[in-house]
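Structure file target_29.tsv; described as TSV, C-alpha atoms.
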```tsv
chain	number	residue	atom	x	y	z
E	1030	MET	CA	-36.05	-58.86	0.54
E	1031	SER	CA	-39.16	-57.00	1.51
E	1032	GLU	CA	-39.10	-54.55	4.37
E	1033	HIS	CA	-42.34	-55.91	5.73
E	1034	GLN	CA	-41.13	-59.47	6.13
E	1035	PRO	CA	-37.72	-59.28	7.81
E	1036	LYS	CA	-36.01	-62.65	7.84
E	1037	GLN	CA	-34.37	-63.66	11.08
E	1038	GLU	CA	-31.06	-64.69	9.58
E	1039	PRO	CA	-28.21	-65.62	11.88
E	1040	GLY	CA	-25.15	-63.39	12.06
E	1041	ILE	CA	-24.41	-59.73	12.47
E	1042	ARG	CA	-27.09	-57.28	11.42
E	1043	LEU	CA	-25.80	-53.79	10.77
E	1044	THR	CA	-27.69	-50.85	12.15
E	1045	GLU	CA	-28.57	-48.07	9.77
E	1046	GLN	CA	-25.71	-45.95	11.11
E	1047	GLN	CA	-23.25	-48.78	10.60
E	1048	GLN	CA	-24.51	-49.34	7.06
E	1049	ARG	CA	-24.18	-45.64	6.23
E	1050	ALA	CA	-20.66	-45.52	7.67
E	1051	ARG	CA	-19.65	-48.63	5.73
E	1052	ARG	CA	-21.01	-47.24	2.49
E	1053	ALA	CA	-19.14	-43.94	2.99
E	1054	ARG	CA	-15.91	-45.87	3.70
E	1055	SER	CA	-16.40	-48.06	0.65
E	1056	ILE	CA	-16.88	-45.03	-1.59
E	1057	ALA	CA	-13.77	-43.38	-0.11
E	1058	ILE	CA	-11.71	-46.52	-0.83
E	1059	ALA	CA	-13.06	-46.65	-4.39
E	1060	VAL	CA	-12.20	-43.00	-4.98
E	1061	SER	CA	-8.70	-43.49	-3.56
E	1062	LEU	CA	-8.05	-46.48	-5.82
E	1063	ALA	CA	-9.35	-44.56	-8.83
E	1064	VAL	CA	-7.05	-41.63	-8.01
E	1065	LEU	CA	-4.12	-44.06	-7.71
E	1066	ALA	CA	-4.93	-45.62	-11.09
E	1067	VAL	CA	-5.23	-42.22	-12.77
E	1068	LEU	CA	-1.99	-41.07	-11.11
E	1069	PHE	CA	-0.09	-44.09	-12.47
E	1070	TYR	CA	-1.60	-43.46	-15.91
E	1071	ILE	CA	-0.61	-39.77	-15.97
E	1072	VAL	CA	2.89	-40.47	-14.65
E	1073	THR	CA	3.33	-43.07	-17.38
E	1074	LEU	CA	2.39	-40.42	-19.96
E	1075	VAL	CA	4.78	-37.90	-18.41
E	1076	LYS	CA	7.74	-40.23	-18.07
E	1077	GLY	CA	7.19	-42.22	-21.24
E	1078	PRO	CA	9.50	-45.24	-21.49
E	1079	GLY	CA	11.52	-43.68	-18.67
E	1080	VAL	CA	8.85	-44.90	-16.25
E	1081	LEU	CA	10.87	-48.09	-15.95
E	1082	GLU	CA	14.00	-46.20	-14.90
E	1083	ARG	CA	14.10	-45.84	-11.18
E	1084	PRO	CA	17.41	-44.40	-10.10
E	1085	LEU	CA	18.32	-45.11	-6.52
Q	1479	MET	CA	-15.59	-76.34	27.69
Q	1480	SER	CA	-17.00	-73.25	26.16
Q	1481	VAL	CA	-14.83	-70.57	24.70
Q	1482	THR	CA	-16.01	-67.01	24.58
Q	1483	VAL	CA	-14.68	-65.11	21.64
Q	1484	ALA	CA	-14.74	-61.36	21.90
Q	1485	ARG	CA	-16.23	-59.98	18.74
Q	1486	ALA	CA	-15.74	-56.39	17.69
Q	1487	GLU	CA	-18.87	-54.39	17.02
Q	1488	PRO	CA	-19.27	-53.45	13.35
Q	1489	SER	CA	-17.58	-50.13	12.79
Q	1490	ILE	CA	-19.38	-46.81	12.86
Q	1491	ALA	CA	-16.25	-44.90	11.80
Q	1492	GLY	CA	-16.95	-42.37	9.08
Q	1493	VAL	CA	-14.57	-41.01	6.47
Q	1494	GLY	CA	-14.06	-37.89	8.59
Q	1495	ASP	CA	-12.77	-39.99	11.48
Q	1496	TYR	CA	-10.17	-41.57	9.22
Q	1497	ILE	CA	-9.14	-38.15	7.94
Q	1498	GLU	CA	-8.77	-36.99	11.54
Q	1499	LEU	CA	-6.45	-39.95	12.18
Q	1500	MET	CA	-4.08	-38.50	9.60
Q	1501	LYS	CA	-3.62	-35.28	11.65
Q	1502	PRO	CA	-4.43	-32.90	8.78
Q	1503	ARG	CA	-2.86	-29.85	10.43
Q	1504	VAL	CA	0.47	-31.58	11.01
Q	1505	MET	CA	0.20	-32.96	7.50
Q	1506	SER	CA	-0.21	-29.49	6.01
Q	1507	LEU	CA	3.03	-28.32	7.65
Q	1508	VAL	CA	4.79	-31.48	6.44
Q	1509	VAL	CA	3.59	-30.91	2.87
Q	1510	PHE	CA	4.61	-27.27	3.01
Q	1511	THR	CA	8.15	-27.93	4.25
Q	1512	ALA	CA	8.54	-30.81	1.79
Q	1513	LEU	CA	7.41	-28.52	-1.03
Q	1514	VAL	CA	10.08	-26.00	-0.06
Q	1515	GLY	CA	12.74	-28.74	0.02
Q	1516	LEU	CA	11.60	-29.81	-3.43
Q	1517	VAL	CA	11.55	-26.32	-4.92
Q	1518	VAL	CA	14.90	-25.29	-3.44
Q	1519	ALA	CA	16.54	-28.29	-5.10
Q	1520	PRO	CA	18.60	-27.35	-8.16
Q	1521	VAL	CA	17.06	-30.09	-10.31
Q	1522	PRO	CA	13.87	-29.17	-12.18
Q	1523	MET	CA	10.97	-31.46	-11.46
Q	1524	HIS	CA	7.95	-31.97	-13.67
Q	1525	PRO	CA	4.80	-30.64	-11.92
Q	1526	VAL	CA	3.14	-34.06	-12.10
Q	1527	MET	CA	6.15	-35.70	-10.48
Q	1528	ALA	CA	6.32	-32.96	-7.85
Q	1529	PHE	CA	2.62	-33.47	-7.11
Q	1530	THR	CA	3.13	-37.23	-6.87
Q	1531	ALA	CA	6.05	-36.81	-4.47
Q	1532	LEU	CA	4.10	-34.39	-2.24
Q	1533	LEU	CA	1.04	-36.66	-2.28
Q	1534	CYS	CA	3.15	-39.62	-1.15
Q	1535	ILE	CA	4.84	-37.53	1.56
Q	1536	ALA	CA	1.42	-36.28	2.73
Q	1537	VAL	CA	-0.02	-39.79	2.87
Q	1538	GLY	CA	3.12	-41.04	4.62
Q	1539	ALA	CA	2.71	-38.30	7.24
Q	1540	GLY	CA	-0.94	-39.32	7.60
Q	1541	ALA	CA	0.14	-42.91	8.13
Q	1542	ALA	CA	2.52	-41.85	10.88
Q	1543	GLY	CA	-0.28	-39.83	12.51
Q	1544	ALA	CA	-2.68	-42.80	12.39
Q	1545	LEU	CA	-0.09	-45.19	13.85
Q	1546	ASN	CA	0.68	-42.62	16.56
Q	1547	MET	CA	-3.01	-42.45	17.48
Q	1548	TRP	CA	-3.22	-46.25	17.44
Q	1549	TYR	CA	-0.39	-46.59	19.94
Q	1550	ASP	CA	-1.17	-43.54	22.08
Q	1551	ALA	CA	-4.92	-44.10	22.50
Q	1552	ASP	CA	-4.50	-44.56	26.27
Q	1553	ILE	CA	-2.52	-41.33	26.67
Q	1554	ASP	CA	-4.87	-39.41	24.38
Q	1555	ALA	CA	-7.87	-40.44	26.47
Q	1556	ARG	CA	-6.31	-38.87	29.59
Q	1557	MET	CA	-5.42	-35.53	28.03
Q	1558	ALA	CA	-7.95	-32.75	27.49
Q	1559	ARG	CA	-6.29	-31.68	24.24
Q	1560	THR	CA	-6.58	-35.13	22.67
Q	1561	ALA	CA	-9.56	-36.77	24.40
Q	1562	ALA	CA	-11.87	-36.03	21.46
Q	1563	ARG	CA	-9.69	-37.90	18.94
Q	1564	PRO	CA	-11.52	-40.71	17.14
Q	1565	ILE	CA	-10.19	-43.64	19.21
Q	1566	PRO	CA	-10.59	-42.22	22.76
Q	1567	ALA	CA	-13.96	-40.79	21.72
Q	1568	GLY	CA	-15.07	-44.32	20.79
Q	1569	ARG	CA	-15.80	-43.63	17.13
Q	1570	LEU	CA	-13.02	-45.84	15.83
Q	1571	ALA	CA	-11.39	-49.05	17.08
Q	1572	ARG	CA	-7.63	-49.25	17.65
Q	1573	GLY	CA	-7.34	-52.09	15.16
Q	1574	GLU	CA	-8.89	-49.93	12.48
Q	1575	ALA	CA	-6.32	-47.20	13.08
Q	1576	LEU	CA	-3.48	-49.75	12.95
Q	1577	ALA	CA	-4.73	-51.28	9.69
Q	1578	PHE	CA	-5.30	-47.85	8.17
Q	1579	GLY	CA	-1.86	-46.59	9.22
Q	1580	LEU	CA	-0.02	-49.65	7.94
Q	1581	THR	CA	-1.90	-49.58	4.62
Q	1582	LEU	CA	-1.17	-45.90	4.05
Q	1583	ALA	CA	2.47	-46.31	5.07
Q	1584	GLY	CA	2.92	-49.21	2.64
Q	1585	PHE	CA	1.20	-47.45	-0.25
Q	1586	SER	CA	2.97	-44.11	0.24
Q	1587	VAL	CA	6.44	-45.65	0.37
Q	1588	VAL	CA	5.89	-48.08	-2.52
Q	1589	VAL	CA	4.28	-45.47	-4.79
Q	1590	LEU	CA	7.02	-42.93	-4.05
Q	1591	GLY	CA	9.62	-45.60	-4.83
Q	1592	LEU	CA	7.93	-46.73	-8.04
Q	1593	LEU	CA	7.03	-43.35	-9.47
Q	1594	VAL	CA	9.65	-40.92	-8.10
Q	1595	ASN	CA	12.80	-42.54	-6.75
Q	1596	VAL	CA	13.83	-45.28	-4.36
Q	1597	PHE	CA	16.08	-43.08	-2.21
Q	1598	ALA	CA	13.22	-40.68	-1.38
Q	1599	ALA	CA	11.00	-43.69	-0.63
Q	1600	LEU	CA	13.58	-45.13	1.76
Q	1601	LEU	CA	13.82	-41.75	3.52
Q	1602	LEU	CA	10.02	-41.63	3.82
Q	1603	ALA	CA	9.96	-45.16	5.24
Q	1604	ALA	CA	12.69	-44.23	7.71
Q	1605	THR	CA	10.77	-41.11	8.76
Q	1606	ILE	CA	7.54	-43.03	9.40
Q	1607	GLY	CA	9.50	-45.77	11.20
Q	1608	PHE	CA	11.34	-43.23	13.33
Q	1609	TYR	CA	8.19	-41.31	14.29
Q	1610	VAL	CA	6.26	-44.44	15.20
Q	1611	GLY	CA	8.96	-46.85	16.40
Q	1612	ILE	CA	11.44	-44.51	18.07
Q	1613	TYR	CA	9.36	-41.48	19.12
Q	1614	THR	CA	5.87	-42.83	19.81
Q	1615	VAL	CA	6.62	-46.30	21.13
Q	1616	TRP	CA	9.92	-45.67	22.88
Q	1617	LEU	CA	10.93	-42.09	23.67
Q	1618	LYS	CA	7.61	-40.36	24.35
Q	1619	ARG	CA	6.84	-42.30	27.54
Q	1620	TRP	CA	10.43	-42.69	28.64
Q	1621	THR	CA	12.44	-39.48	28.52
Q	1622	PRO	CA	11.94	-35.70	28.62
Q	1623	GLN	CA	14.23	-35.63	25.57
Q	1624	ASN	CA	11.35	-37.29	23.66
Q	1625	ILE	CA	10.49	-34.33	21.47
Q	1626	VAL	CA	14.13	-33.31	21.01
Q	1627	ILE	CA	15.10	-36.63	19.41
Q	1628	GLY	CA	11.64	-37.33	18.01
Q	1629	GLY	CA	11.76	-33.93	16.32
Q	1630	ALA	CA	14.04	-35.49	13.73
Q	1631	ALA	CA	10.99	-37.17	12.16
Q	1632	GLY	CA	9.21	-33.85	11.78
Q	1633	ALA	CA	12.37	-32.26	10.37
Q	1634	LEU	CA	12.90	-34.79	7.59
Q	1635	PRO	CA	10.14	-33.78	5.10
Q	1636	PRO	CA	12.21	-31.00	3.44
Q	1637	VAL	CA	14.99	-33.56	3.00
Q	1638	ILE	CA	12.52	-36.00	1.40
Q	1639	GLY	CA	11.31	-33.20	-0.88
Q	1640	TRP	CA	14.88	-32.46	-1.95
Q	1641	ALA	CA	15.59	-36.18	-2.39
Q	1642	SER	CA	12.48	-36.52	-4.58
Q	1643	ALA	CA	13.90	-33.92	-6.95
Q	1644	THR	CA	17.57	-34.88	-6.87
Q	1645	GLY	CA	17.74	-38.51	-5.78
Q	1646	GLY	CA	20.19	-37.58	-3.02
Q	1647	VAL	CA	20.86	-35.15	-0.18
Q	1648	GLY	CA	23.00	-32.04	0.16
Q	1649	ILE	CA	23.99	-29.43	2.71
Q	1650	GLU	CA	20.98	-27.24	1.78
Q	1651	PRO	CA	18.24	-29.68	2.86
Q	1652	LEU	CA	20.29	-30.64	5.91
Q	1653	VAL	CA	20.25	-27.00	7.03
Q	1654	LEU	CA	16.46	-26.99	6.57
Q	1655	PHE	CA	16.37	-30.20	8.62
Q	1656	LEU	CA	18.40	-28.48	11.33
Q	1657	ILE	CA	16.06	-25.46	11.40
Q	1658	VAL	CA	12.95	-27.62	12.01
Q	1659	PHE	CA	14.90	-29.88	14.39
Q	1660	LEU	CA	16.05	-26.96	16.58
Q	1661	TRP	CA	12.64	-25.28	16.33
Q	1662	THR	CA	10.75	-28.32	17.70
Q	1663	PRO	CA	11.88	-28.21	21.38
Q	1664	PRO	CA	11.10	-24.54	22.09
Q	1665	HIS	CA	7.82	-24.92	20.19
Q	1666	PHE	CA	6.60	-27.97	22.14
Q	1667	TRP	CA	8.09	-26.94	25.46
Q	1668	ALA	CA	6.27	-23.60	25.27
Q	1669	LEU	CA	3.04	-25.61	24.83
Q	1670	SER	CA	3.94	-28.13	27.52
Q	1671	LEU	CA	4.57	-25.34	30.06
Q	1672	TYR	CA	0.88	-24.50	30.19
Q	1673	ARG	CA	-0.25	-28.08	29.56
Q	1674	ALA	CA	2.03	-29.63	32.18
Q	1675	GLU	CA	-0.86	-30.94	34.30
Q	1676	ASP	CA	-2.33	-32.68	31.28
Q	1677	TYR	CA	0.99	-34.38	30.51
Q	1678	ALA	CA	1.51	-35.32	34.15
Q	1679	ARG	CA	-1.94	-36.93	34.33
Q	1680	ALA	CA	-1.21	-38.91	31.19
Q	1681	GLY	CA	2.18	-39.99	32.54
Q	1682	VAL	CA	4.15	-38.41	29.72
Q	1683	PRO	CA	7.56	-37.23	31.02
Q	1684	MET	CA	7.58	-33.85	29.32
Q	1685	LEU	CA	10.32	-31.50	30.53
Q	1686	PRO	CA	8.12	-29.29	32.79
Q	1687	VAL	CA	6.70	-32.42	34.43
Q	1688	VAL	CA	10.11	-33.98	35.10
Q	1689	ALA	CA	12.47	-31.02	35.51
Q	1690	GLY	CA	10.06	-28.23	36.41
Q	1691	ALA	CA	8.95	-25.02	34.73
Q	1692	ALA	CA	12.11	-23.01	35.50
Q	1693	GLU	CA	14.41	-25.52	33.80
Q	1694	THR	CA	12.01	-25.72	30.82
Q	1695	ARG	CA	12.11	-21.94	30.43
Q	1696	ARG	CA	15.93	-22.04	30.49
Q	1697	GLN	CA	16.00	-24.79	27.86
Q	1698	ILE	CA	13.56	-22.90	25.61
Q	1699	LEU	CA	15.93	-19.92	25.66
Q	1700	ARG	CA	19.01	-22.09	24.97
Q	1701	TYR	CA	17.46	-23.79	21.95
Q	1702	THR	CA	16.10	-20.49	20.62
Q	1703	LEU	CA	19.57	-18.90	20.88
Q	1704	VAL	CA	20.91	-21.69	18.66
Q	1705	LEU	CA	17.87	-21.71	16.36
Q	1706	ALA	CA	17.95	-17.99	15.47
Q	1707	PRO	CA	21.43	-18.02	13.82
Q	1708	VAL	CA	20.81	-21.40	12.14
Q	1709	GLY	CA	17.63	-19.89	10.70
Q	1710	VAL	CA	19.79	-17.30	8.92
Q	1711	ALA	CA	22.17	-19.97	7.54
Q	1712	PRO	CA	20.40	-20.53	4.18
Q	1713	TRP	CA	21.07	-16.87	3.38
Q	1714	LEU	CA	24.66	-16.98	4.64
Q	1715	LEU	CA	25.26	-20.14	2.60
Q	1716	GLY	CA	23.96	-18.34	-0.47
Q	1717	TYR	CA	20.95	-20.41	-1.44
Q	1718	ALA	CA	18.40	-17.89	-0.16
Q	1719	GLY	CA	18.21	-14.22	-1.02
Q	1720	ALA	CA	17.98	-11.00	0.96
Q	1721	LEU	CA	14.20	-11.34	1.41
Q	1722	TYR	CA	14.74	-14.58	3.26
Q	1723	GLY	CA	17.81	-13.26	5.10
Q	1724	SER	CA	16.10	-10.17	6.48
Q	1725	THR	CA	13.00	-12.17	7.48
Q	1726	ALA	CA	15.13	-14.77	9.26
Q	1727	VAL	CA	17.06	-12.08	11.15
Q	1728	LEU	CA	13.92	-10.20	12.23
Q	1729	ALA	CA	11.82	-13.28	13.05
Q	1730	GLY	CA	14.77	-14.92	14.80
Q	1731	GLY	CA	15.21	-11.76	16.88
Q	1732	ALA	CA	11.52	-11.85	17.80
Q	1733	MET	CA	11.86	-15.53	18.81
Q	1734	VAL	CA	14.81	-14.71	21.08
Q	1735	ALA	CA	12.92	-11.74	22.58
Q	1736	LEU	CA	9.93	-13.99	23.29
Q	1737	ALA	CA	12.16	-16.71	24.77
Q	1738	LEU	CA	13.68	-14.09	27.07
Q	1739	ARG	CA	10.18	-13.10	28.17
Q	1740	VAL	CA	9.29	-16.76	28.75
Q	1741	ARG	CA	12.50	-17.10	30.79
Q	1742	ALA	CA	11.64	-14.05	32.89
Q	1743	GLU	CA	7.98	-14.96	33.40
Q	1744	ALA	CA	7.51	-15.64	37.10
Q	1745	ARG	CA	3.87	-16.64	37.06
Q	1746	GLY	CA	1.21	-17.24	34.47
Q	1747	TYR	CA	1.75	-18.45	30.96
Q	1748	ALA	CA	1.04	-15.43	28.78
Q	1749	ALA	CA	4.55	-15.35	27.32
Q	1750	SER	CA	4.61	-19.15	26.82
Q	1751	LYS	CA	1.35	-19.02	24.89
Q	1752	GLN	CA	2.69	-16.15	22.80
Q	1753	MET	CA	5.90	-18.07	22.16
Q	1754	PHE	CA	3.97	-21.18	21.09
Q	1755	GLY	CA	1.80	-19.16	18.70
Q	1756	PHE	CA	4.67	-17.16	17.27
Q	1757	SER	CA	6.89	-20.23	16.83
Q	1758	ILE	CA	4.39	-21.59	14.28
Q	1759	LEU	CA	4.44	-18.28	12.43
Q	1760	TYR	CA	8.25	-18.21	12.58
Q	1761	LEU	CA	8.66	-21.58	10.86
Q	1762	PHE	CA	5.97	-20.74	8.32
Q	1763	LEU	CA	7.57	-17.37	7.53
Q	1764	LEU	CA	11.04	-18.84	7.04
Q	1765	PHE	CA	9.85	-21.54	4.65
Q	1766	ALA	CA	7.43	-19.20	2.86
Q	1767	MET	CA	10.23	-16.68	2.27
Q	1768	LEU	CA	12.49	-19.44	0.98
Q	1769	LEU	CA	9.74	-20.37	-1.44
Q	1770	ALA	CA	9.10	-16.73	-2.41
Q	1771	ASP	CA	12.82	-16.12	-2.89
Q	1772	ARG	CA	13.14	-19.10	-5.19
Q	1773	MET	CA	9.97	-18.31	-7.10
Q	1774	ALA	CA	10.94	-14.67	-7.60
Q	1775	GLY	CA	14.59	-15.39	-8.35
Q	1776	GLY	CA	14.11	-18.36	-10.63
Q	1777	LEU	CA	10.77	-17.40	-12.16
Q	1778	PHE	CA	9.35	-20.73	-11.10
Q	1779	ALA	CA	12.30	-22.40	-12.77
Q	1780	PRO	CA	12.69	-25.37	-10.42
Q	1781	LEU	CA	9.06	-26.37	-10.52
Q	1782	TRP	CA	8.09	-25.24	-13.97
Q	1783	GLY	CA	11.39	-25.72	-15.75
Q	1784	HIS	CA	9.74	-27.96	-18.29
Q	1785	PHE	CA	7.40	-25.22	-19.42
Q	1786	PRO	CA	9.35	-22.11	-20.34
Q	1787	ILE	CA	7.06	-19.12	-20.04
Q	1788	GLY	CA	6.60	-17.25	-23.30
Q	1789	ALA	CA	8.46	-19.84	-25.37
```

Could you render the structure as structure tokens?
Amino acid sequence: MSEHQPKQEPGIRLTEQQQRARRARSIAIAVSLAVLAVLFYIVTLVKGPGVLERPL
Amino acid sequence: MSVTVARAEPSIAGVGDYIELMKPRVMSLVVFTALVGLVVAPVPMHPVMAFTALLCIAVGAGAAGALNMWYDADIDARMARTAARPIPAGRLARGEALAFGLTLAGFSVVVLGLLVNVFAALLLAATIGFYVGIYTVWLKRWTPQNIVIGGAAGALPPVIGWASATGGVGIEPLVLFLIVFLWTPPHFWALSLYRAEDYARAGVPMLPVVAGAAETRRQILRYTLVLAPVGVAPWLLGYAGALYGSTAVLAGGAMVALALRVRAEARGYAASKQMFGFSILYLFLLFAMLLADRMAGGLFAPLWGHFPIGA
């Protein structure tokens, strides 16, 4: 979509500030999920087969 | 018939606002006391597992903070100390805080249960539930005993730390629980003495608002007189060394001296402010010395037991 010919589409249009905030939040969520995945991976390496043992 | 549906404005909340929801300063104290509970435990814990446990406890504390700010947005808006928080300042919607808090609570408890142990996870869930359900929703607006009973939530992290390492509880973490539990009322009442107007405006029945300053000063002294000897208990029970013992005796004596000054203070709040400031240092010192004692005595054995130095 060209900047010079904005289409008048129905619905919510985000302001630049809202777009920036959303992008920052999305990146933060992505980083958190990546950290979680890496954490599970490392813990699996540390615990080995014992990862399935979860004593109460 | 036309129906008007209220539609929320798209969010402008930044990452920093969400971090603020997690009350990072409270979280740091929670992580610190949990770390001490974990290190004091007699069972060695792999550093990765210890990190995982502390991360889950930190995120769980953040969840409790976010849910507290979700529920207390109206109170926060009326108090000078809290009016700039993300929700009253209009940077973040209440629904966002609720969703964030519930998500973090769920993840922290489930991950702690899956990766560390189920007992610690249940304790974490109970702590979050107690802080939000019992303290925030029920006690805070209802009774001047709010922070006395609610203090239990803030006192549980060392127990969760211990449970992460051992899978159970013992007398040692319960004494740590008792120290934080007994420390909470004098700490918050010292603050509430010089913030009484704020609390009154917000309709929070803190002790100085309901029972007056004189009674609050008496109660601060009473709790401090119980706290000081309990603070020495880890040494008397033999799971902390002389470094801890001497610190607990000296710092406990200083707390009692300050509480006496608060009690005697006829006007102004100089002693109350000093008491509030020193109470933070007191708790930090006690837990730091416990950590130092264990590190020095055990050569990092509890935390680094898997990696014998010089082997």

List as CSV every residue of chain E that is in contact with chain Q, defined as an atom at most 10 Å from one of its atoms (using only C-alpha atoms), together with the nearest atom pair and the distance in Å rounded to one decimal, sorted by chain and then rising number.
```
residue,atom,partner,partner_atom,distance
E:Ile1041,CA,Q:Pro1488,CA,8.2
E:Arg1042,CA,Q:Pro1488,CA,8.9
E:Leu1043,CA,Q:Pro1488,CA,7.0
E:Thr1044,CA,Q:Pro1488,CA,8.9
E:Glu1045,CA,Q:Ile1490,CA,9.8
E:Gln1046,CA,Q:Ile1490,CA,6.6
E:Gln1047,CA,Q:Ile1490,CA,4.9
E:Gln1048,CA,Q:Ile1490,CA,8.1
E:Arg1049,CA,Q:Ile1490,CA,8.3
E:Ala1050,CA,Q:Gly1492,CA,5.1
E:Arg1051,CA,Q:Ile1490,CA,7.4
E:Arg1052,CA,Q:Gly1492,CA,9.1
E:Ala1053,CA,Q:Val1493,CA,6.4
E:Arg1054,CA,Q:Val1493,CA,5.8
E:Ser1055,CA,Q:Val1493,CA,9.3
E:Ile1056,CA,Q:Val1493,CA,9.3
E:Ala1057,CA,Q:Val1493,CA,7.0
E:Ile1058,CA,Q:Val1493,CA,9.6
E:Leu1065,CA,Q:Val1589,CA,9.0
E:Leu1068,CA,Q:Thr1530,CA,7.7
E:Phe1069,CA,Q:Leu1593,CA,7.8
E:Ile1071,CA,Q:Val1526,CA,7.9
E:Val1072,CA,Q:Val1526,CA,6.9
E:Thr1073,CA,Q:Leu1593,CA,8.7
E:Val1075,CA,Q:Val1526,CA,7.6
E:Lys1076,CA,Q:Met1527,CA,9.0
E:Val1080,CA,Q:Leu1593,CA,7.2
E:Leu1081,CA,Q:Leu1592,CA,8.5
E:Glu1082,CA,Q:Asn1595,CA,9.0
E:Arg1083,CA,Q:Asn1595,CA,5.7
E:Pro1084,CA,Q:Asn1595,CA,6.0
E:Leu1085,CA,Q:Val1596,CA,5.0
```

File of the preceding selection, C-alpha atoms, as a short mmCIF file (atom, residue, chain, number, x, y, z; two decimals), in the coordinates of the input:
```
data_model
loop_
_atom_site.label_atom_id
_atom_site.label_comp_id
_atom_site.auth_asym_id
_atom_site.auth_seq_id
_atom_site.Cartn_x
_atom_site.Cartn_y
_atom_site.Cartn_z
CA ILE E 1041 -24.41 -59.73 12.47
CA ARG E 1042 -27.09 -57.28 11.42
CA LEU E 1043 -25.80 -53.79 10.77
CA THR E 1044 -27.69 -50.85 12.15
CA GLU E 1045 -28.57 -48.07 9.77
CA GLN E 1046 -25.71 -45.95 11.11
CA GLN E 1047 -23.25 -48.78 10.60
CA GLN E 1048 -24.51 -49.34 7.06
CA ARG E 1049 -24.18 -45.64 6.23
CA ALA E 1050 -20.66 -45.52 7.67
CA ARG E 1051 -19.65 -48.63 5.73
CA ARG E 1052 -21.01 -47.24 2.49
CA ALA E 1053 -19.14 -43.94 2.99
CA ARG E 1054 -15.91 -45.87 3.70
CA SER E 1055 -16.40 -48.06 0.65
CA ILE E 1056 -16.88 -45.03 -1.59
CA ALA E 1057 -13.77 -43.38 -0.11
CA ILE E 1058 -11.71 -46.52 -0.83
CA LEU E 1065 -4.12 -44.06 -7.71
CA LEU E 1068 -1.99 -41.07 -11.11
CA PHE E 1069 -0.09 -44.09 -12.47
CA ILE E 1071 -0.61 -39.77 -15.97
CA VAL E 1072 2.89 -40.47 -14.65
CA THR E 1073 3.33 -43.07 -17.38
CA VAL E 1075 4.78 -37.90 -18.41
CA LYS E 1076 7.74 -40.23 -18.07
CA VAL E 1080 8.85 -44.90 -16.25
CA LEU E 1081 10.87 -48.09 -15.95
CA GLU E 1082 14.00 -46.20 -14.90
CA ARG E 1083 14.10 -45.84 -11.18
CA PRO E 1084 17.41 -44.40 -10.10
CA LEU E 1085 18.32 -45.11 -6.52
#
```

Can you tell me, as AutoDock Vina command-line options, the centre and edge lengths (Å, one decimal) of the axis-aligned box enclosing all of stretch 1059-1073 of chain E's listed atoms after padding each side by 5 Å?
```
--center_x -4.9 --center_y -43.2 --center_z -10.5 --size_x 26.4 --size_y 16.9 --size_z 23.8
```

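The coordinates place atom CA of Q:Leu1715 at 28.6 Å from atom CA of Q:Met1505.
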
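From atom CA of Q:Trp1661 back to atom CA of Q:Leu1705, the distance works out to 6.3 Å.
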
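Computed from the coordinates, the atom CA of Q:Trp1640 to atom CA of Q:Val1517 distance equals 7.6 Å.
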
Item checked: Sphere at (14.1, -41.1, 29.3), radius 12 Å, counting only C-alpha atoms: residues as a ChimeraX atom specification -> /Q:1613,1616-1627,1682-1685,1688-1689

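With distances taken over all atoms listed in the file, Q:Pro1636 is the one residue among Q:Pro1663, Q:Gly1538, Q:Pro1636, Q:Pro1686 lying closest to Q:Val1514.
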
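Applying the 12 Å criterion to (0.5, -17.6, 24.3) in file coordinates and using all atoms listed in the file, one obtains the residues His1665, Ala1668, Leu1669, Ser1670, Leu1671, Tyr1672, Arg1673, Leu1736, Ala1737, Arg1739, Val1740, Gly1746, Tyr1747, Ala1748, Ala1749, Ser1750, Lys1751, Gln1752, Met1753, Phe1754, Gly1755, Phe1756, Ser1757 and Ile1758 of chain Q.
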
Next item on the list: Go through Q:Leu1582, Q:Leu1721, Q:Val1521, Q:Leu1601 one by one, measure the shortest atom-to-atom distance of each to E:Ser1061 using all atoms listed in the file, and give the residue with the smallest value.
Entry: Q:Leu1582

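You can rank Q:Tyr1760, Q:Tyr1701, Q:Phe1765, Q:Tyr1549 by their closest distance to Q:Ala1718 using all atoms listed in the file, and at the top of that list sits Q:Phe1765.
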
Next item on the list: Within 7 Å of Q:Pro1566, counting all atoms listed in the file, which residues show up once you throw out same-chain ones fewer than 6 positions away? Write them as a ChimeraX atom specification, please.
Entry: /Q:1551,1554-1555
